[in-house]
file protein.txt (compact mmCIF, C-alpha atoms)
# COMPACT_ATOMS: atom_id res chain seq x y z
CA MET A 1 97.27 83.50 93.65
CA THR A 2 95.36 84.21 96.86
CA THR A 3 92.16 86.24 96.79
CA ALA A 4 90.51 87.72 99.84
CA SER A 5 86.90 88.68 100.40
CA SER A 6 87.39 91.75 102.61
CA PRO A 7 90.01 94.48 103.08
CA HIS A 8 90.77 93.10 106.56
CA GLU A 9 91.34 89.57 105.26
CA ARG A 10 93.41 90.83 102.32
CA VAL A 11 95.71 92.83 104.61
CA ALA A 12 95.93 90.04 107.20
CA LEU A 13 96.99 87.50 104.56
CA SER A 14 99.67 89.81 103.18
CA LEU A 15 100.92 90.88 106.63
CA ALA A 16 101.35 87.22 107.65
CA ARG A 17 103.84 86.86 104.75
CA GLN A 18 106.05 89.73 105.98
CA GLY A 19 109.00 88.33 107.91
CA MET A 20 110.14 91.70 109.26
CA MET A 21 106.72 92.77 110.51
CA THR A 22 106.16 89.35 112.09
CA HIS A 23 109.59 89.57 113.73
CA LEU A 24 108.80 93.04 115.13
CA GLY A 25 105.40 91.88 116.42
CA VAL A 26 103.22 94.24 114.35
CA ARG A 27 99.49 93.63 114.90
CA LEU A 28 96.62 94.44 112.56
CA LEU A 29 93.90 96.33 114.46
CA SER A 30 91.58 97.23 111.58
CA ALA A 31 91.41 97.44 107.81
CA THR A 32 88.64 99.01 105.77
CA SER A 33 88.67 100.36 102.24
CA GLY A 34 91.31 103.11 102.20
CA GLN A 35 92.34 102.88 105.87
CA VAL A 36 94.45 100.53 108.00
CA GLU A 37 95.45 100.68 111.67
CA LEU A 38 98.42 98.74 113.03
CA ALA A 39 100.05 98.50 116.47
CA LEU A 40 103.52 97.73 117.80
CA SER A 41 104.19 97.12 121.52
CA TYR A 42 107.26 98.54 123.23
CA SER A 43 110.23 96.20 123.59
CA ASP A 44 113.90 96.68 124.38
CA LYS A 45 114.52 95.27 120.88
CA LEU A 46 112.84 98.34 119.33
CA THR A 47 114.71 101.12 121.16
CA GLN A 48 117.30 103.73 120.35
CA GLN A 49 120.18 104.55 122.71
CA GLN A 50 118.00 106.60 125.10
CA GLY A 51 115.36 103.90 125.49
CA GLY A 52 112.64 105.38 123.26
CA PHE A 53 111.08 103.70 120.23
CA HIS A 54 113.69 103.73 117.44
CA GLY A 55 112.91 105.90 114.43
CA GLY A 56 113.41 102.85 112.20
CA ALA A 57 110.63 101.01 114.01
CA ILE A 58 108.35 104.07 113.86
CA GLY A 59 109.11 104.54 110.15
CA ALA A 60 108.55 100.86 109.39
CA LEU A 61 105.15 100.92 111.11
CA ALA A 62 104.11 104.10 109.27
CA ASP A 63 105.33 102.68 105.93
CA ILE A 64 103.42 99.45 106.32
CA ALA A 65 100.22 101.20 107.51
CA GLY A 66 100.23 103.50 104.48
CA GLY A 67 101.13 100.64 102.16
CA TYR A 68 98.36 98.44 103.45
CA ALA A 69 95.85 101.27 103.19
CA ALA A 70 96.88 101.41 99.51
CA LEU A 71 96.49 97.64 99.18
CA THR A 72 92.83 97.91 100.25
CA VAL A 73 92.08 99.96 97.12
CA ALA A 74 94.45 98.19 94.69
CA PRO A 75 92.85 95.79 92.20
CA GLU A 76 92.59 92.11 93.17
CA GLY A 77 95.66 90.19 92.08
CA MET A 78 97.92 93.15 92.87
CA GLU A 79 100.26 93.91 95.77
CA VAL A 80 101.90 97.26 96.47
CA VAL A 81 105.46 98.49 96.98
CA THR A 82 106.67 101.76 98.45
CA VAL A 83 108.19 104.17 95.94
CA GLU A 84 109.11 106.80 98.54
CA TYR A 85 108.03 108.32 101.81
CA LYS A 86 108.77 111.36 103.92
CA ILE A 87 108.36 111.18 107.67
CA ASN A 88 108.48 113.78 110.43
CA PHE A 89 109.25 112.49 113.91
CA LEU A 90 107.41 114.52 116.53
CA ASN A 91 108.29 112.75 119.80
CA SER A 92 110.02 109.62 121.08
CA PHE A 93 108.37 107.58 123.83
CA GLN A 94 109.12 104.63 126.09
CA GLY A 95 106.70 101.88 127.15
CA GLY A 96 103.17 101.33 125.93
CA GLU A 97 102.72 100.91 122.20
CA ILE A 98 102.70 102.89 119.00
CA ARG A 99 99.82 102.79 116.54
CA ALA A 100 99.85 103.90 112.92
CA ILE A 101 96.75 104.80 110.95
CA GLY A 102 97.36 104.76 107.21
CA LYS A 103 94.92 106.50 104.85
CA VAL A 104 94.66 106.72 101.09
CA LEU A 105 94.76 110.32 99.89
CA LYS A 106 94.58 109.62 96.13
CA ALA A 107 94.36 106.31 94.32
CA GLY A 108 95.47 106.20 90.70
CA ARG A 109 96.20 103.33 88.34
CA ARG A 110 99.99 103.72 88.56
CA VAL A 111 100.55 105.35 91.95
CA ILE A 112 98.65 105.65 95.20
CA VAL A 113 99.39 108.49 97.63
CA THR A 114 98.86 107.80 101.31
CA SER A 115 99.49 109.37 104.69
CA ALA A 116 100.02 107.85 108.11
CA GLU A 117 99.80 109.25 111.61
CA VAL A 118 101.71 107.45 114.35
CA VAL A 119 100.63 107.91 117.95
CA HIS A 120 102.01 106.58 121.21
CA ILE A 121 99.54 105.00 123.63
CA ASP A 122 100.76 104.94 127.23
CA ALA A 123 99.75 102.54 130.02
CA ASP A 124 96.79 104.79 130.93
CA GLY A 125 95.51 104.87 127.33
CA LYS A 126 96.65 108.45 126.68
CA ALA A 127 97.46 109.05 122.99
CA SER A 128 100.31 111.41 122.04
CA PRO A 129 101.54 112.34 118.53
CA CYS A 130 104.70 110.49 117.53
CA ALA A 131 105.17 110.92 113.74
CA VAL A 132 103.47 111.85 110.47
CA MET A 133 104.28 110.41 107.06
CA GLN A 134 103.34 110.93 103.40
CA GLN A 135 104.00 108.12 100.95
CA THR A 136 103.84 107.15 97.28
CA VAL A 137 103.03 103.50 96.55
CA ALA A 138 102.96 101.57 93.26
CA PRO A 139 100.70 98.59 92.54
CA VAL A 140 102.63 95.53 91.31
CA ALA A 141 101.53 92.07 90.21
CA GLN A 142 101.04 89.63 93.08
CA THR A 143 103.50 86.76 92.64
CA TYR A 144 102.26 84.26 95.19
call {"tool": "encode", "arguments": {"input": "protein.txt", "output": "structure tokens"}}
result
Amino acid sequence: MTTASSPHERVALSLARQGMMTHLGVRLLSATSGQVELALSYSDKLTQQQGGFHGGAIGALADIAGGYAALTVAPEGMEVVTVEYKINFLNSFQGGEIRAIGKVLKAGRRVIVTSAEVVHIDADGKASPCAVMQQTVAPVAQTY
């Protein structure tokens, strides 16, 4: 079992084990207790038919940001799994990158409720709302 000394290290170690997130190119920008920020750069592999970020990619980034925010408050020796989430897509964008900020709203022993805001960052650094999500996460025993 791997133990980490900081929320950032704990999230980074877990993220490195995620094949899908590695494949997509998700990057960890920050992780503190109760909050995680991730980024995903635009690619033609992440688009829908009109060339914007695909909702599946946006949803995956929101899900993982909320989940990792939950991980930062889960007991050592635990991982987390998503029980459910609800997402509202606000806009679809091309180019630049999307960033998701996950935050813990309520941490209990059996479930953790989080939210995530996804924003698009264009080439000039302008941030625009992309999606909002609310999520329920369950702590589970770490098996590695």
call {"tool": "atom_distance", "arguments": {"input": "protein.txt", "atom1": "atom CA of Val104 of chain A", "atom2": "atom CA of Ser14 of chain A"}}
result
17.8 Å
call {"tool": "closest_residue", "arguments": {"input": "protein.txt", "among": "A:Ser33, A:Gln134, A:Gln48, A:Ser43", "to": "Pro75 of chain A", "atoms": "all atoms listed in the file"}}
result
A:Ser33
call {"tool": "atom_distance", "arguments": {"input": "protein.txt", "atom1": "atom CA of Val140 of chain A", "atom2": "atom CA of Thr82 of chain A"}}
result
10.3 Å
call {"tool": "atom_distance", "arguments": {"input": "protein.txt", "atom1": "atom CA of Leu61 of chain A", "atom2": "atom CA of Ala107 of chain A"}}
result
20.7 Å
call {"tool": "closest_residue", "arguments": {"input": "protein.txt", "among": "A:Leu38, A:Val80, A:Ile121, A:Leu13", "to": "Gln135 of chain A", "atoms": "all atoms listed in the file"}}
result
A:Val80
call {"tool": "residues_near_point", "arguments": {"input": "protein.txt", "point": "(105.0, 111.9, 118.5)", "cutoff": "12 Å", "atoms": "all atoms listed in the file", "output": "NGL selection string"}}
result
:A and (52-55 or 58-59 or 87-94 or 97-100 or 117-122 or 127-133)
call {"tool": "closest_residue", "arguments": {"input": "protein.txt", "among": "A:Leu40, A:Val73, A:Gly25, A:Ala57", "to": "His8 of chain A", "atoms": "all atoms listed in the file"}}
result
A:Val73
call {"tool": "residues_around", "arguments": {"input": "protein.txt", "residues": "Ala12 of chain A", "least_positions_apart": "4", "cutoff": "10 Å", "atoms": "all atoms listed in the file", "output": "number ranges by chain"}}
result
A: 4, 6-8, 16-17, 27-31, 68
call {"tool": "decode", "arguments": {"input": "protein.txt", "residues": "segment 52-83 of chain A", "atoms": "N, CA, C and O atoms", "output": "PDB file, in the first residue's frame"}}
result
ATOM      1  N   GLY A  52     -15.830  20.858 -31.262  1.00  0.00           N
ATOM      2  CA  GLY A  52     -15.666  21.306 -29.876  1.00  0.00           C
ATOM      3  C   GLY A  52     -15.273  20.145 -28.973  1.00  0.00           C
ATOM      4  O   GLY A  52     -15.353  18.979 -29.366  1.00  0.00           O
ATOM      5  N   PHE A  53     -14.824  20.472 -27.752  1.00  0.00           N
ATOM      6  CA  PHE A  53     -14.538  19.427 -26.770  1.00  0.00           C
ATOM      7  C   PHE A  53     -15.768  18.531 -26.627  1.00  0.00           C
ATOM      8  O   PHE A  53     -16.896  19.021 -26.486  1.00  0.00           O
ATOM      9  N   HIS A  54     -15.588  17.239 -26.651  1.00  0.00           N
ATOM     10  CA  HIS A  54     -16.675  16.276 -26.497  1.00  0.00           C
ATOM     11  C   HIS A  54     -17.170  16.298 -25.051  1.00  0.00           C
ATOM     12  O   HIS A  54     -16.381  16.429 -24.116  1.00  0.00           O
ATOM     13  N   GLY A  55     -18.483  16.153 -24.891  1.00  0.00           N
ATOM     14  CA  GLY A  55     -19.068  16.117 -23.554  1.00  0.00           C
ATOM     15  C   GLY A  55     -18.496  15.000 -22.696  1.00  0.00           C
ATOM     16  O   GLY A  55     -18.378  15.137 -21.477  1.00  0.00           O
ATOM     17  N   GLY A  56     -18.117  13.882 -23.319  1.00  0.00           N
ATOM     18  CA  GLY A  56     -17.507  12.788 -22.562  1.00  0.00           C
ATOM     19  C   GLY A  56     -16.175  13.185 -21.962  1.00  0.00           C
ATOM     20  O   GLY A  56     -15.851  12.809 -20.837  1.00  0.00           O
ATOM     21  N   ALA A  57     -15.392  13.962 -22.697  1.00  0.00           N
ATOM     22  CA  ALA A  57     -14.106  14.435 -22.185  1.00  0.00           C
ATOM     23  C   ALA A  57     -14.320  15.459 -21.066  1.00  0.00           C
ATOM     24  O   ALA A  57     -13.637  15.437 -20.041  1.00  0.00           O
ATOM     25  N   ILE A  58     -15.297  16.346 -21.260  1.00  0.00           N
ATOM     26  CA  ILE A  58     -15.615  17.348 -20.236  1.00  0.00           C
ATOM     27  C   ILE A  58     -16.107  16.645 -18.975  1.00  0.00           C
ATOM     28  O   ILE A  58     -15.675  16.953 -17.857  1.00  0.00           O
ATOM     29  N   GLY A  59     -17.013  15.692 -19.141  1.00  0.00           N
ATOM     30  CA  GLY A  59     -17.546  14.945 -17.997  1.00  0.00           C
ATOM     31  C   GLY A  59     -16.477  14.148 -17.281  1.00  0.00           C
ATOM     32  O   GLY A  59     -16.446  14.102 -16.046  1.00  0.00           O
ATOM     33  N   ALA A  60     -15.575  13.520 -18.040  1.00  0.00           N
ATOM     34  CA  ALA A  60     -14.497  12.749 -17.419  1.00  0.00           C
ATOM     35  C   ALA A  60     -13.593  13.653 -16.586  1.00  0.00           C
ATOM     36  O   ALA A  60     -13.192  13.294 -15.470  1.00  0.00           O
ATOM     37  N   LEU A  61     -13.276  14.842 -17.107  1.00  0.00           N
ATOM     38  CA  LEU A  61     -12.411  15.764 -16.372  1.00  0.00           C
ATOM     39  C   LEU A  61     -13.103  16.253 -15.098  1.00  0.00           C
ATOM     40  O   LEU A  61     -12.481  16.309 -14.031  1.00  0.00           O
ATOM     41  N   ALA A  62     -14.389  16.592 -15.191  1.00  0.00           N
ATOM     42  CA  ALA A  62     -15.141  17.021 -14.011  1.00  0.00           C
ATOM     43  C   ALA A  62     -15.208  15.904 -12.973  1.00  0.00           C
ATOM     44  O   ALA A  62     -14.993  16.126 -11.776  1.00  0.00           O
ATOM     45  N   ASP A  63     -15.503  14.685 -13.430  1.00  0.00           N
ATOM     46  CA  ASP A  63     -15.612  13.520 -12.546  1.00  0.00           C
ATOM     47  C   ASP A  63     -14.311  13.291 -11.795  1.00  0.00           C
ATOM     48  O   ASP A  63     -14.305  13.094 -10.576  1.00  0.00           O
ATOM     49  N   ILE A  64     -13.206  13.333 -12.484  1.00  0.00           N
ATOM     50  CA  ILE A  64     -11.928  13.041 -11.848  1.00  0.00           C
ATOM     51  C   ILE A  64     -11.499  14.179 -10.920  1.00  0.00           C
ATOM     52  O   ILE A  64     -10.903  13.941  -9.874  1.00  0.00           O
ATOM     53  N   ALA A  65     -11.834  15.425 -11.270  1.00  0.00           N
ATOM     54  CA  ALA A  65     -11.502  16.554 -10.383  1.00  0.00           C
ATOM     55  C   ALA A  65     -12.286  16.457  -9.080  1.00  0.00           C
ATOM     56  O   ALA A  65     -11.722  16.644  -7.995  1.00  0.00           O
ATOM     57  N   GLY A  66     -13.576  16.183  -9.172  1.00  0.00           N
ATOM     58  CA  GLY A  66     -14.375  16.009  -7.957  1.00  0.00           C
ATOM     59  C   GLY A  66     -13.923  14.813  -7.145  1.00  0.00           C
ATOM     60  O   GLY A  66     -13.805  14.872  -5.922  1.00  0.00           O
ATOM     61  N   GLY A  67     -13.648  13.708  -7.844  1.00  0.00           N
ATOM     62  CA  GLY A  67     -13.184  12.507  -7.151  1.00  0.00           C
ATOM     63  C   GLY A  67     -11.872  12.715  -6.433  1.00  0.00           C
ATOM     64  O   GLY A  67     -11.692  12.283  -5.288  1.00  0.00           O
ATOM     65  N   TYR A  68     -10.955  13.396  -7.085  1.00  0.00           N
ATOM     66  CA  TYR A  68      -9.667  13.631  -6.434  1.00  0.00           C
ATOM     67  C   TYR A  68      -9.759  14.661  -5.316  1.00  0.00           C
ATOM     68  O   TYR A  68      -9.011  14.592  -4.342  1.00  0.00           O
ATOM     69  N   ALA A  69     -10.681  15.597  -5.414  1.00  0.00           N
ATOM     70  CA  ALA A  69     -10.913  16.483  -4.267  1.00  0.00           C
ATOM     71  C   ALA A  69     -11.356  15.640  -3.068  1.00  0.00           C
ATOM     72  O   ALA A  69     -10.892  15.847  -1.943  1.00  0.00           O
ATOM     73  N   ALA A  70     -12.237  14.661  -3.329  1.00  0.00           N
ATOM     74  CA  ALA A  70     -12.687  13.756  -2.266  1.00  0.00           C
ATOM     75  C   ALA A  70     -11.525  12.939  -1.706  1.00  0.00           C
ATOM     76  O   ALA A  70     -11.429  12.729  -0.487  1.00  0.00           O
ATOM     77  N   LEU A  71     -10.641  12.476  -2.591  1.00  0.00           N
ATOM     78  CA  LEU A  71      -9.503  11.679  -2.128  1.00  0.00           C
ATOM     79  C   LEU A  71      -8.646  12.447  -1.133  1.00  0.00           C
ATOM     80  O   LEU A  71      -8.105  11.865  -0.201  1.00  0.00           O
ATOM     81  N   THR A  72      -8.531  13.760  -1.310  1.00  0.00           N
ATOM     82  CA  THR A  72      -7.674  14.556  -0.412  1.00  0.00           C
ATOM     83  C   THR A  72      -8.187  14.585   1.021  1.00  0.00           C
ATOM     84  O   THR A  72      -7.434  14.925   1.928  1.00  0.00           O
ATOM     85  N   VAL A  73      -9.474  14.250   1.222  1.00  0.00           N
ATOM     86  CA  VAL A  73     -10.024  14.243   2.583  1.00  0.00           C
ATOM     87  C   VAL A  73     -10.367  12.841   3.058  1.00  0.00           C
ATOM     88  O   VAL A  73     -10.786  12.662   4.208  1.00  0.00           O
ATOM     89  N   ALA A  74     -10.205  11.834   2.201  1.00  0.00           N
ATOM     90  CA  ALA A  74     -10.454  10.442   2.591  1.00  0.00           C
ATOM     91  C   ALA A  74      -9.308   9.962   3.483  1.00  0.00           C
ATOM     92  O   ALA A  74      -8.171  10.425   3.351  1.00  0.00           O
ATOM     93  N   PRO A  75      -9.585   9.030   4.383  1.00  0.00           N
ATOM     94  CA  PRO A  75      -8.522   8.513   5.247  1.00  0.00           C
ATOM     95  C   PRO A  75      -7.399   7.856   4.445  1.00  0.00           C
ATOM     96  O   PRO A  75      -7.629   7.323   3.357  1.00  0.00           O
ATOM     97  N   GLU A  76      -6.187   7.889   4.982  1.00  0.00           N
ATOM     98  CA  GLU A  76      -5.058   7.191   4.356  1.00  0.00           C
ATOM     99  C   GLU A  76      -5.434   5.727   4.202  1.00  0.00           C
ATOM    100  O   GLU A  76      -6.154   5.172   5.021  1.00  0.00           O
ATOM    101  N   GLY A  77      -4.955   5.106   3.142  1.00  0.00           N
ATOM    102  CA  GLY A  77      -5.267   3.711   2.887  1.00  0.00           C
ATOM    103  C   GLY A  77      -6.575   3.508   2.146  1.00  0.00           C
ATOM    104  O   GLY A  77      -6.972   2.378   1.881  1.00  0.00           O
ATOM    105  N   MET A  78      -7.248   4.609   1.804  1.00  0.00           N
ATOM    106  CA  MET A  78      -8.502   4.546   1.071  1.00  0.00           C
ATOM    107  C   MET A  78      -8.325   5.195  -0.298  1.00  0.00           C
ATOM    108  O   MET A  78      -7.489   6.067  -0.478  1.00  0.00           O
ATOM    109  N   GLU A  79      -9.116   4.749  -1.248  1.00  0.00           N
ATOM    110  CA  GLU A  79      -9.283   5.388  -2.547  1.00  0.00           C
ATOM    111  C   GLU A  79     -10.746   5.799  -2.602  1.00  0.00           C
ATOM    112  O   GLU A  79     -11.479   5.608  -1.627  1.00  0.00           O
ATOM    113  N   VAL A  80     -11.190   6.353  -3.707  1.00  0.00           N
ATOM    114  CA  VAL A  80     -12.593   6.747  -3.845  1.00  0.00           C
ATOM    115  C   VAL A  80     -13.123   6.291  -5.199  1.00  0.00           C
ATOM    116  O   VAL A  80     -12.357   6.149  -6.160  1.00  0.00           O
ATOM    117  N   VAL A  81     -14.426   6.033  -5.259  1.00  0.00           N
ATOM    118  CA  VAL A  81     -15.098   5.709  -6.506  1.00  0.00           C
ATOM    119  C   VAL A  81     -16.345   6.572  -6.614  1.00  0.00           C
ATOM    120  O   VAL A  81     -16.983   6.901  -5.609  1.00  0.00           O
ATOM    121  N   THR A  82     -16.685   6.928  -7.838  1.00  0.00           N
ATOM    122  CA  THR A  82     -17.883   7.730  -8.078  1.00  0.00           C
ATOM    123  C   THR A  82     -19.117   6.860  -7.938  1.00  0.00           C
ATOM    124  O   THR A  82     -19.198   5.777  -8.520  1.00  0.00           O
ATOM    125  N   VAL A  83     -20.093   7.353  -7.163  1.00  0.00           N
ATOM    126  CA  VAL A  83     -21.388   6.696  -7.037  1.00  0.00           C
ATOM    127  C   VAL A  83     -22.326   7.246  -8.108  1.00  0.00           C
ATOM    128  O   VAL A  83     -23.024   6.510  -8.797  1.00  0.00           O
TER     129      VAL A  83
END
